[in-house]
Each structure stands twice: as structure tokens, then as C-alpha cells.
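> Structure file entry.txt, compact mmCIF, C-alpha atoms, is pasted below:
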# COMPACT_ATOMS: atom_id res chain seq x y z
CA MET M 1 -11.31 17.85 2.54
CA VAL M 2 -14.90 18.69 3.50
CA TRP M 3 -16.04 19.38 7.06
CA PRO M 4 -19.74 18.39 6.82
CA ALA M 5 -20.86 19.38 10.33
CA THR M 6 -19.10 22.73 9.93
CA LEU M 7 -20.97 23.47 6.70
CA ILE M 8 -24.29 22.32 8.11
CA GLY M 9 -23.76 24.36 11.28
CA ALA M 10 -22.84 27.47 9.29
CA ALA M 11 -25.90 27.12 7.04
CA ALA M 12 -28.27 26.51 9.94
CA GLY M 13 -26.77 29.37 11.95
CA PHE M 14 -27.09 31.77 9.01
CA ALA M 15 -30.75 30.84 8.57
CA LEU M 16 -31.45 31.54 12.24
CA ALA M 17 -29.26 34.55 12.98
CA SER M 18 -27.53 35.74 9.83
CA ILE M 19 -23.73 36.16 9.91
CA PRO M 20 -23.23 35.92 13.70
CA GLY M 21 -25.31 32.75 13.71
CA ALA M 22 -23.31 31.32 10.82
CA MET M 23 -20.05 31.94 12.67
CA LEU M 24 -21.33 30.31 15.86
CA GLY M 25 -22.81 27.38 13.93
CA ALA M 26 -19.57 26.83 12.02
CA LEU M 27 -17.58 26.84 15.26
CA LEU M 28 -19.84 24.28 16.89
CA GLY M 29 -19.82 22.18 13.71
CA GLN M 30 -16.03 22.24 13.61
CA VAL M 31 -15.89 20.88 17.15
CA LEU M 32 -18.24 18.07 16.13
CA ASP M 33 -16.25 17.28 12.97
CA ARG M 34 -13.02 16.97 14.93
CA ARG M 35 -14.54 14.92 17.70
CA LEU M 36 -16.20 12.45 15.32
CA LYS M 37 -13.35 12.59 12.74
CA LEU M 38 -15.73 13.66 9.97
CA GLU M 39 -13.73 14.70 6.91
CA SER M 40 -16.19 14.01 4.12
CA TRP M 41 -19.88 13.57 3.40
CA GLY M 42 -19.18 9.84 3.23
CA ASP M 43 -17.96 9.90 6.84
CA LEU M 44 -21.17 11.63 7.88
CA ARG M 45 -23.35 9.15 5.98
CA ALA M 46 -21.51 6.25 7.62
CA ARG M 47 -22.13 7.77 11.04
CA LEU M 48 -25.80 8.32 10.32
CA ARG M 49 -26.20 4.76 9.04
CA GLY M 50 -24.44 3.47 12.12
CA ASP M 51 -21.84 1.49 10.14
CA PRO M 52 -19.90 -0.53 12.71
CA ALA M 53 -16.17 0.12 12.98
CA ILE M 54 -13.95 -2.87 12.31
CA GLU M 55 -11.84 -3.91 15.28
CA GLU M 56 -8.20 -2.96 14.71
CA GLU M 57 -6.98 -6.54 15.18
CA ASP M 58 -9.43 -7.68 12.47
CA LEU M 59 -8.87 -4.80 10.07
CA LEU M 60 -5.59 -6.10 8.61
CA PHE M 61 -7.11 -9.41 7.58
CA VAL M 62 -10.28 -7.78 6.25
CA LEU M 63 -8.06 -5.70 3.96
CA LEU M 64 -6.00 -8.73 2.94
CA GLY M 65 -9.14 -10.68 2.14
CA ARG M 66 -10.47 -7.81 0.01
CA LEU M 67 -7.18 -7.71 -1.94
CA ALA M 68 -7.01 -11.49 -2.39
CA LYS M 69 -10.51 -11.53 -3.89
CA SER M 70 -10.12 -8.33 -5.92
CA ASP M 71 -9.10 -10.12 -9.12
CA GLY M 72 -11.97 -12.56 -8.83
CA ARG M 73 -10.34 -15.68 -7.39
CA VAL M 74 -8.34 -16.29 -4.23
CA GLN M 75 -5.19 -18.25 -5.07
CA GLU M 76 -3.09 -20.51 -2.88
CA ALA M 77 -0.37 -17.83 -2.86
CA HIS M 78 -2.84 -15.43 -1.22
CA ILE M 79 -3.71 -17.96 1.46
CA GLN M 80 -0.03 -18.62 2.14
CA GLN M 81 0.60 -14.88 2.45
CA ALA M 82 -2.25 -14.57 4.97
CA ARG M 83 -0.71 -17.42 6.97
CA SER M 84 2.66 -15.65 6.87
CA GLU M 85 0.99 -12.58 8.39
CA MET M 86 -0.55 -14.69 11.15
CA LYS M 87 2.87 -16.17 11.89
CA ARG M 88 4.54 -12.76 11.83
CA ILE M 89 2.06 -11.40 14.36
CA GLY M 90 2.33 -14.52 16.51
CA LEU M 91 -1.37 -15.39 16.69
CA ASP M 92 -2.50 -18.25 18.89
CA ASP M 93 -5.21 -20.70 17.77
CA ALA M 94 -8.05 -18.39 18.80
CA GLY M 95 -6.39 -15.42 17.12
CA ALA M 96 -5.83 -17.42 13.94
CA ARG M 97 -9.50 -18.41 13.82
CA ARG M 98 -10.48 -14.78 14.22
CA ALA M 99 -8.04 -13.75 11.48
CA ILE M 100 -9.47 -16.36 9.11
CA ALA M 101 -12.99 -15.10 9.82
CA ALA M 102 -11.84 -11.51 9.12
CA PHE M 103 -10.13 -12.63 5.90
CA ASN M 104 -13.34 -14.30 4.71
CA ARG M 105 -15.27 -11.19 5.71
CA GLY M 106 -12.91 -9.14 3.55
CA LYS M 107 -13.48 -11.46 0.60
CA ALA M 108 -17.21 -10.76 0.84
CA GLY M 109 -16.46 -7.05 0.41
CA ASN M 110 -19.45 -5.78 2.36
CA ASP M 111 -17.65 -3.58 4.90
CA ASN M 112 -17.38 0.19 4.63
CA LEU M 113 -13.65 0.48 5.31
CA GLN M 114 -13.30 4.25 5.24
CA PRO M 115 -14.38 5.06 8.83
CA SER M 116 -12.20 2.31 10.31
CA LEU M 117 -9.15 3.43 8.35
CA ARG M 118 -9.58 7.13 9.14
CA VAL M 119 -9.44 6.36 12.86
CA LEU M 120 -5.80 5.23 12.41
CA LYS M 121 -4.60 8.39 10.62
CA ASP M 122 -2.48 9.60 13.53
CA GLU M 123 -0.84 6.21 14.18
CA ARG M 124 1.98 6.44 11.65
CA LEU M 125 3.78 3.18 12.45
CA THR M 126 0.54 1.19 12.42
CA VAL M 127 -0.48 2.80 9.13
CA GLU M 128 2.82 1.97 7.43
CA ARG M 129 2.86 -1.63 8.66
CA LEU M 130 -0.70 -2.05 7.46
CA LEU M 131 0.06 -0.78 3.96
CA ARG M 132 3.25 -2.82 3.61
CA SER M 133 1.24 -5.93 4.41
CA CYS M 134 -1.32 -4.91 1.78
CA TRP M 135 1.38 -4.49 -0.88
CA GLN M 136 2.76 -7.93 0.01
CA MET M 137 -0.65 -9.53 -0.37
CA ALA M 138 -1.26 -7.77 -3.69
CA ALA M 139 2.05 -9.09 -5.01
CA ALA M 140 1.68 -12.61 -3.57
CA ASP M 141 0.75 -14.09 -6.97
CA GLY M 142 3.75 -12.44 -8.66
CA ARG M 143 2.05 -9.33 -10.02
CA ILE M 144 0.07 -6.35 -8.75
CA GLY M 145 -3.10 -5.78 -10.72
CA GLN M 146 -4.56 -2.37 -11.45
CA HIS M 147 -7.56 -2.91 -9.19
CA GLU M 148 -5.32 -4.00 -6.31
CA ARG M 149 -3.18 -0.91 -6.81
CA GLU M 150 -6.23 1.36 -6.81
CA LEU M 151 -7.53 -0.20 -3.60
CA ILE M 152 -4.23 0.29 -1.76
CA LEU M 153 -3.91 3.88 -2.96
CA GLN M 154 -7.47 4.64 -1.83
CA TRP M 155 -6.89 3.06 1.57
CA GLY M 156 -3.62 4.95 1.93
CA HIS M 157 -5.38 8.25 1.22
CA TRP M 158 -8.01 7.45 3.85
CA LEU M 159 -5.14 6.75 6.23
CA GLY M 160 -3.80 10.23 5.55
CA LEU M 161 -0.76 9.47 3.37
CA PRO M 162 0.15 11.12 0.05
CA THR M 163 0.41 8.96 -3.06
CA SER M 164 4.21 9.20 -3.11
CA ARG M 165 4.51 7.73 0.38
CA ILE M 166 1.99 4.96 -0.31
CA GLU M 167 3.94 3.91 -3.39
CA ALA M 168 7.24 4.12 -1.50
CA LEU M 169 5.89 1.61 1.01
CA GLY M 170 5.36 -0.77 -1.91
CA ALA M 171 9.00 -0.61 -3.01
CA GLY M 172 10.20 -4.15 -3.63
CA TYR M 173 6.64 -5.45 -3.90
CA ASP M 174 5.33 -2.93 -6.41
CA ILE M 175 5.41 -4.87 -9.67
CA PRO M 176 2.19 -3.65 -11.32
CA HIS M 177 2.45 -5.72 -14.49
CA GLY M 178 4.69 -8.52 -13.27
CA LEU M 179 8.37 -8.73 -13.88
CA PRO M 180 9.58 -7.47 -17.26
CA PRO M 181 10.26 -10.11 -19.91
CA LYS M 182 13.67 -11.67 -19.87
CA ARG M 183 16.05 -9.28 -21.50
CA GLY M 184 18.99 -9.91 -23.72
CA ASN M 185 22.35 -8.39 -23.06
CA SER M 186 21.92 -5.33 -25.23
CA TYR M 187 23.29 -2.09 -23.87
CA LYS M 188 20.06 -0.24 -24.59
CA GLU M 189 17.94 -2.76 -22.66
CA ALA M 190 20.37 -2.59 -19.73
CA LEU M 191 19.96 1.19 -19.57
CA ILE M 192 16.18 0.85 -19.59
CA LEU M 193 16.23 -1.75 -16.82
CA LEU M 194 18.31 0.50 -14.54
CA GLY M 195 16.32 3.60 -15.51
CA VAL M 196 19.37 5.57 -16.66
CA THR M 197 20.61 7.05 -19.92
CA ALA M 198 23.89 6.70 -21.80
CA ASP M 199 25.09 10.15 -20.74
CA CYS M 200 24.58 9.60 -16.99
CA GLU M 201 27.58 9.95 -14.74
CA PRO M 202 28.95 6.74 -13.15
CA ALA M 203 27.84 7.93 -9.71
CA VAL M 204 24.24 8.27 -10.94
CA ILE M 205 24.32 4.79 -12.50
CA LYS M 206 25.71 3.30 -9.29
CA ARG M 207 22.99 4.95 -7.17
CA ALA M 208 20.25 3.70 -9.49
CA TYR M 209 21.66 0.18 -9.40
CA ARG M 210 22.00 0.10 -5.61
CA ARG M 211 18.51 1.52 -5.10
CA LEU M 212 16.91 -1.11 -7.35
CA LEU M 213 19.01 -3.85 -5.80
CA SER M 214 17.87 -2.83 -2.31
CA GLN M 215 14.21 -2.74 -3.37
CA ASN M 216 14.35 -6.19 -4.97
CA HIS M 217 16.74 -8.05 -2.67
CA PRO M 218 15.19 -11.51 -2.05
CA ASP M 219 16.65 -11.90 1.46
CA LYS M 220 15.10 -8.59 2.49
CA LEU M 221 11.71 -9.64 1.14
CA ALA M 222 11.92 -13.10 2.72
CA GLY M 223 12.75 -11.53 6.08
CA SER M 224 9.66 -9.31 5.90
CA GLY M 225 7.34 -12.27 5.30
CA ALA M 226 6.90 -12.06 1.52
CA SER M 227 5.43 -15.07 -0.26
CA PRO M 228 7.73 -17.64 -1.92
CA ALA M 229 6.48 -16.53 -5.35
CA LEU M 230 7.49 -12.93 -4.67
CA VAL M 231 10.89 -13.99 -3.34
CA ARG M 232 11.53 -16.04 -6.49
CA ALA M 233 10.48 -13.10 -8.65
CA ALA M 234 12.83 -10.81 -6.73
CA THR M 235 15.68 -13.32 -7.21
CA ASP M 236 15.13 -13.23 -10.98
CA ARG M 237 14.97 -9.45 -10.96
CA THR M 238 18.20 -9.20 -8.93
CA ARG M 239 19.98 -11.46 -11.42
CA GLU M 240 18.85 -9.21 -14.28
CA LEU M 241 20.02 -6.11 -12.44
CA HIS M 242 23.47 -7.62 -11.91
CA SER M 243 23.81 -8.46 -15.60
CA ALA M 244 22.59 -5.04 -16.73
CA TYR M 245 24.90 -3.17 -14.36
CA ASN M 246 27.95 -5.20 -15.37
CA LEU M 247 27.24 -4.53 -19.04
CA ILE M 248 26.89 -0.77 -18.50
CA ARG M 249 29.94 -0.66 -16.24
CA GLU M 250 32.08 -2.37 -18.86
CA ARG M 251 30.81 -0.06 -21.61
CA HIS M 252 31.51 3.06 -19.52
CA GLY M 253 34.80 1.76 -18.14
CA PHE M 254 34.27 2.27 -14.42
CA ARG M 255 34.41 -0.04 -11.42
Would you put the structure from the file into C-alpha cells?

Amino acid sequence: MVWPATLIGAAAGFALASIPGAMLGALLGQVLDRRLKLESWGDLRARLRGDPAIEEEDLLFVLLGRLAKSDGRVQEAHIQQARSEMKRIGLDDAGARRAIAAFNRGKAGNDNLQPSLRVLKDERLTVERLLRSCWQMAAADGRIGQHERELILQWGHWLGLPTSRIEALGAGYDIPHGLPPKRGNSYKEALILLGVTADCEPAVIKRAYRRLLSQNHPDKLAGSGASPALVRAATDRTRELHSAYNLIRERHGFR
């Protein structure tokens, strides 16, 4: 993290009055950094350019539009996911029109999103809802592309979250290369699918199975507004998890 006004104040103060001036300049700069939420040189440049902040009610759909267009073409699944978000929020006709305009604005990709996202850093619930919606949009077509993943991680960092938390919010949606190919019933493939090894204790295998089942449960995804394509993918994944767990359980002889 860089405090630009603090550094500028310290440098200017040192030039005018040596060390005492640098200390006073740094103190005044720190006050300015905190007041204007300047945490990088990019924040300062945005302020100097006068980049307009995106209204909070528009920001979600600007982000969703950016994600939908990130792979080059907006698909019907992306549009349906945006409509699901409008329904979840309960937008009236005027709100829906505004959301559509923000979505199209996001597709154009001309907004500097960093200042608008940084403003929300202290609003934890808003931040997490925003990122979950982004993961859902990224997965609406059944897979999360690398560019979509990078965008969400970058936005999450601007929102003040560590990578581990950003990825945790994508649990159940986070399928970066699509679902794995249909597997046979081999014991080795079942272990790989559950992320366990042959020497794991039954309790460890059960925890891994339950965790994956919770992340990919289709009813849970449907209830959170996921697209039909993502719900179908989760249904297939759940079926594979059941088969893999039953095979391992039989081989290890536990219930």
C-alpha cells in the first residue's frame, strides 16, 4: 500500500524545512490520504483526472456487464443471470431500466472501477454480496474463464479482501475450466474427485465429501439466484460426488 499524499507531503516538507518539515508534511499528507481514501498512485491520478464515482446502485450491474463481455461475447446465459439479479433485488421498471443501462455501460469497459470499489472497503456485507454476484455471473455460461477470474480477484483486492476470502466467496460457482470430464468408476479417479488419498482416515474422507457436496448442491445454488446452466452443472457434479464417495466407502469398508 502506498500513501501518495503522505510521500508528497514528506518530500515537500523536507525541501522546505528539512526533517521537521518532512514530519509535518507527512502528517498533513496522511490526513489527506485517509480523508480521500488514497491508497495508491492510481487513486491519486483518478482524483486529479476527476474520474466520476459510479453510483452504488449502478456499480453491481457495471461489474456484471464487464464480466459478461470479458470473453468477447455476451451470451443469453449472461443476460438471464443479470435478470435474476434484478429480480433478487426487487427492482421496479425504472430500476430495471437503470440496471440495463449500467450493464451496457459495463460492457463498454470505459469506467475506472478502482475508486468506486475502494469506497466500499469497510462495508463487509455489501462487499461479499457484490463478489458472490460477480462469481455467479462469471459462471453463468458453465465455466469461469481465466480473464473473468483475474477481474474478480482484482476487484476483491480493491475491496480490501485477501485472495483466500475472494475465492471462498466463489465456492460452488468457482469452476475455472468447467466441470471435469465424466469419470468412470475407478477408485483412483474417485479419490482425485474428492481430493483425498488412499491412506486418509474415514473422517477426513467424509469431511471432504460433505464440503464438496455443500459447495455444489443445486438447490443451494438455485436459491441464491444462480443461472439454470450453473444449476444443471452442479446437479451433474453432485451425482459424480455421490458415485465417487460410495465407491471409496465400499473400498474402505465404512458407513
> Please provide the set of residues having any atom within 12 Å of M:Gly72, restricted to all atoms listed in the file, with same-chain residues fewer than 2 positions apart removed, written as an NGL selection string.
:M and (65-70 or 74-75 or 107-109 or 145 or 147-148)
> Would you please work out which residue, of M:Leu59, M:Gln215, M:Ile100, M:Thr235, is nearest to M:Asn112 when using all atoms listed in the file?
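Ranking M:Leu59, M:Gln215, M:Ile100, M:Thr235 by distance to M:Asn112, first place goes to M:Leu59.
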> Grab the atom CA of M:Leu161 to atom CA of M:Leu60 distance for me, in Å with one decimal place.
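Going from atom CA of M:Leu161 over to atom CA of M:Leu60 covers 17.1 Å.
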> Using all atoms listed in the file for the distances, tell me which of M:Leu212, M:Leu63, M:Ala222, M:Leu117 is nearest to M:Arg239.
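Checking each candidate against M:Arg239, we get M:Leu212 as the closest.
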> Figure out the distance between atom CA of M:Thr6 and atom CA of M:Lys121, please, to one decimal in Å.
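Between these atoms lies a distance of 20.4 Å.
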> Could you check how far atom CA of M:Asp71 sits from atom CA of M:Asp93, in Å to one decimal?
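Computing the Euclidean distance for atom CA of M:Asp71 and atom CA of M:Asp93 yields 29.2 Å.
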> For M:Asp199, which of M:Arg143, M:Arg251, M:His217, M:Arg98 is the closest residue, counting all atoms listed in the file?
M:Arg251
> So that I can see what lies close to stretch 242-249 of chain M, please list as a PyMOL selection string the residues with an atom at most 6 Å from it, counting all atoms listed in the file and leaving out residues fewer than 4 positions away in the same chain.
chain M and resi 190+253-254
> If you keep C-alpha atoms, can you produce a file of those selected residues as an mmCIF file, in the frame of the given file?

data_model
loop_
_atom_site.group_PDB
_atom_site.id
_atom_site.type_symbol
_atom_site.label_atom_id
_atom_site.label_comp_id
_atom_site.auth_asym_id
_atom_site.auth_seq_id
_atom_site.Cartn_x
_atom_site.Cartn_y
_atom_site.Cartn_z
ATOM 1 C CA ALA M 190 20.370 -2.590 -19.730
ATOM 2 C CA GLY M 253 34.800 1.760 -18.140
ATOM 3 C CA PHE M 254 34.270 2.270 -14.420
#
> As AutoDock Vina command-line options, please: the centre and edge lengths in Å, to one decimal, of an axis-aligned box enclosing every listed atom of stretch 219-224 of chain M with 6 Å added on each side.

--center_x 13.2 --center_y -10.8 --center_z 3.6 --size_x 19.0 --size_y 16.5 --size_z 16.9
> Using all atoms listed in the file, can you tell me which of M:His252, M:Met86, M:Leu16, M:Asn104 comes closest to M:Glu201?
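For M:Glu201, the nearest of the given residues is M:His252.
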> Starting from the incomplete input, reconstruct N, CA, C and O atoms of stretch 57-80 of chain M and report them as a PDB file, keeping the file's coordinate frame.

ATOM      1  N   GLU M  57      -7.652  -5.260  15.371  1.00  0.00           N
ATOM      2  CA  GLU M  57      -6.980  -6.540  15.180  1.00  0.00           C
ATOM      3  C   GLU M  57      -7.571  -7.340  14.021  1.00  0.00           C
ATOM      4  O   GLU M  57      -6.935  -8.257  13.507  1.00  0.00           O
ATOM      5  N   ASP M  58      -8.803  -7.007  13.612  1.00  0.00           N
ATOM      6  CA  ASP M  58      -9.430  -7.680  12.470  1.00  0.00           C
ATOM      7  C   ASP M  58      -9.182  -6.935  11.163  1.00  0.00           C
ATOM      8  O   ASP M  58      -9.246  -7.536  10.085  1.00  0.00           O
ATOM      9  N   LEU M  59      -8.907  -5.642  11.252  1.00  0.00           N
ATOM     10  CA  LEU M  59      -8.870  -4.800  10.070  1.00  0.00           C
ATOM     11  C   LEU M  59      -7.831  -5.275   9.055  1.00  0.00           C
ATOM     12  O   LEU M  59      -8.098  -5.304   7.849  1.00  0.00           O
ATOM     13  N   LEU M  60      -6.636  -5.647   9.522  1.00  0.00           N
ATOM     14  CA  LEU M  60      -5.590  -6.100   8.610  1.00  0.00           C
ATOM     15  C   LEU M  60      -6.081  -7.235   7.740  1.00  0.00           C
ATOM     16  O   LEU M  60      -5.935  -7.214   6.509  1.00  0.00           O
ATOM     17  N   PHE M  61      -6.711  -8.235   8.341  1.00  0.00           N
ATOM     18  CA  PHE M  61      -7.110  -9.410   7.580  1.00  0.00           C
ATOM     19  C   PHE M  61      -8.352  -9.164   6.733  1.00  0.00           C
ATOM     20  O   PHE M  61      -8.541  -9.816   5.706  1.00  0.00           O
ATOM     21  N   VAL M  62      -9.179  -8.201   7.131  1.00  0.00           N
ATOM     22  CA  VAL M  62     -10.280  -7.780   6.250  1.00  0.00           C
ATOM     23  C   VAL M  62      -9.710  -7.170   4.971  1.00  0.00           C
ATOM     24  O   VAL M  62     -10.151  -7.468   3.864  1.00  0.00           O
ATOM     25  N   LEU M  63      -8.695  -6.312   5.128  1.00  0.00           N
ATOM     26  CA  LEU M  63      -8.060  -5.700   3.960  1.00  0.00           C
ATOM     27  C   LEU M  63      -7.380  -6.755   3.083  1.00  0.00           C
ATOM     28  O   LEU M  63      -7.493  -6.716   1.846  1.00  0.00           O
ATOM     29  N   LEU M  64      -6.686  -7.687   3.708  1.00  0.00           N
ATOM     30  CA  LEU M  64      -6.000  -8.730   2.940  1.00  0.00           C
ATOM     31  C   LEU M  64      -6.994  -9.597   2.191  1.00  0.00           C
ATOM     32  O   LEU M  64      -6.744  -9.994   1.043  1.00  0.00           O
ATOM     33  N   GLY M  65      -8.116  -9.904   2.826  1.00  0.00           N
ATOM     34  CA  GLY M  65      -9.140 -10.680   2.140  1.00  0.00           C
ATOM     35  C   GLY M  65      -9.724  -9.942   0.955  1.00  0.00           C
ATOM     36  O   GLY M  65      -9.977 -10.537  -0.104  1.00  0.00           O
ATOM     37  N   ARG M  66      -9.939  -8.629   1.121  1.00  0.00           N
ATOM     38  CA  ARG M  66     -10.470  -7.810   0.010  1.00  0.00           C
ATOM     39  C   ARG M  66      -9.491  -7.826  -1.168  1.00  0.00           C
ATOM     40  O   ARG M  66      -9.891  -7.952  -2.324  1.00  0.00           O
ATOM     41  N   LEU M  67      -8.190  -7.696  -0.877  1.00  0.00           N
ATOM     42  CA  LEU M  67      -7.180  -7.710  -1.940  1.00  0.00           C
ATOM     43  C   LEU M  67      -7.101  -9.075  -2.618  1.00  0.00           C
ATOM     44  O   LEU M  67      -7.003  -9.166  -3.847  1.00  0.00           O
ATOM     45  N   ALA M  68      -7.124 -10.144  -1.826  1.00  0.00           N
ATOM     46  CA  ALA M  68      -7.010 -11.490  -2.390  1.00  0.00           C
ATOM     47  C   ALA M  68      -8.150 -11.783  -3.362  1.00  0.00           C
ATOM     48  O   ALA M  68      -7.966 -12.468  -4.376  1.00  0.00           O
ATOM     49  N   LYS M  69      -9.316 -11.259  -3.074  1.00  0.00           N
ATOM     50  CA  LYS M  69     -10.510 -11.530  -3.890  1.00  0.00           C
ATOM     51  C   LYS M  69     -10.678 -10.516  -5.011  1.00  0.00           C
ATOM     52  O   LYS M  69     -11.515 -10.702  -5.908  1.00  0.00           O
ATOM     53  N   SER M  70      -9.865  -9.457  -5.017  1.00  0.00           N
ATOM     54  CA  SER M  70     -10.120  -8.330  -5.920  1.00  0.00           C
ATOM     55  C   SER M  70     -10.018  -8.692  -7.394  1.00  0.00           C
ATOM     56  O   SER M  70     -10.663  -8.064  -8.235  1.00  0.00           O
ATOM     57  N   ASP M  71      -9.208  -9.699  -7.723  1.00  0.00           N
ATOM     58  CA  ASP M  71      -9.100 -10.120  -9.120  1.00  0.00           C
ATOM     59  C   ASP M  71     -10.047 -11.253  -9.463  1.00  0.00           C
ATOM     60  O   ASP M  71      -9.959 -11.841 -10.535  1.00  0.00           O
ATOM     61  N   GLY M  72     -10.937 -11.574  -8.538  1.00  0.00           N
ATOM     62  CA  GLY M  72     -11.970 -12.560  -8.830  1.00  0.00           C
ATOM     63  C   GLY M  72     -11.789 -13.913  -8.173  1.00  0.00           C
ATOM     64  O   GLY M  72     -12.757 -14.595  -7.864  1.00  0.00           O
ATOM     65  N   ARG M  73     -10.564 -14.337  -7.947  1.00  0.00           N
ATOM     66  CA  ARG M  73     -10.340 -15.680  -7.390  1.00  0.00           C
ATOM     67  C   ARG M  73      -9.172 -15.641  -6.410  1.00  0.00           C
ATOM     68  O   ARG M  73      -8.100 -15.113  -6.719  1.00  0.00           O
ATOM     69  N   VAL M  74      -9.398 -16.203  -5.236  1.00  0.00           N
ATOM     70  CA  VAL M  74      -8.340 -16.290  -4.230  1.00  0.00           C
ATOM     71  C   VAL M  74      -7.432 -17.464  -4.582  1.00  0.00           C
ATOM     72  O   VAL M  74      -7.903 -18.591  -4.751  1.00  0.00           O
ATOM     73  N   GLN M  75      -6.140 -17.203  -4.713  1.00  0.00           N
ATOM     74  CA  GLN M  75      -5.190 -18.250  -5.070  1.00  0.00           C
ATOM     75  C   GLN M  75      -4.479 -18.766  -3.823  1.00  0.00           C
ATOM     76  O   GLN M  75      -4.500 -18.149  -2.764  1.00  0.00           O
ATOM     77  N   GLU M  76      -3.819 -19.916  -3.999  1.00  0.00           N
ATOM     78  CA  GLU M  76      -3.090 -20.510  -2.880  1.00  0.00           C
ATOM     79  C   GLU M  76      -2.010 -19.563  -2.358  1.00  0.00           C
ATOM     80  O   GLU M  76      -1.736 -19.512  -1.156  1.00  0.00           O
ATOM     81  N   ALA M  77      -1.394 -18.787  -3.273  1.00  0.00           N
ATOM     82  CA  ALA M  77      -0.370 -17.830  -2.860  1.00  0.00           C
ATOM     83  C   ALA M  77      -0.941 -16.786  -1.905  1.00  0.00           C
ATOM     84  O   ALA M  77      -0.255 -16.343  -0.971  1.00  0.00           O
ATOM     85  N   HIS M  78      -2.203 -16.395  -2.124  1.00  0.00           N
ATOM     86  CA  HIS M  78      -2.840 -15.430  -1.220  1.00  0.00           C
ATOM     87  C   HIS M  78      -3.053 -16.040   0.167  1.00  0.00           C
ATOM     88  O   HIS M  78      -2.838 -15.378   1.189  1.00  0.00           O
ATOM     89  N   ILE M  79      -3.475 -17.293   0.182  1.00  0.00           N
ATOM     90  CA  ILE M  79      -3.710 -17.960   1.460  1.00  0.00           C
ATOM     91  C   ILE M  79      -2.398 -18.119   2.222  1.00  0.00           C
ATOM     92  O   ILE M  79      -2.334 -17.894   3.437  1.00  0.00           O
ATOM     93  N   GLN M  80      -1.335 -18.478   1.498  1.00  0.00           N
ATOM     94  CA  GLN M  80      -0.030 -18.620   2.140  1.00  0.00           C
ATOM     95  C   GLN M  80       0.459 -17.286   2.701  1.00  0.00           C
ATOM     96  O   GLN M  80       1.065 -17.233   3.779  1.00  0.00           O
TER      97      GLN M  80
END
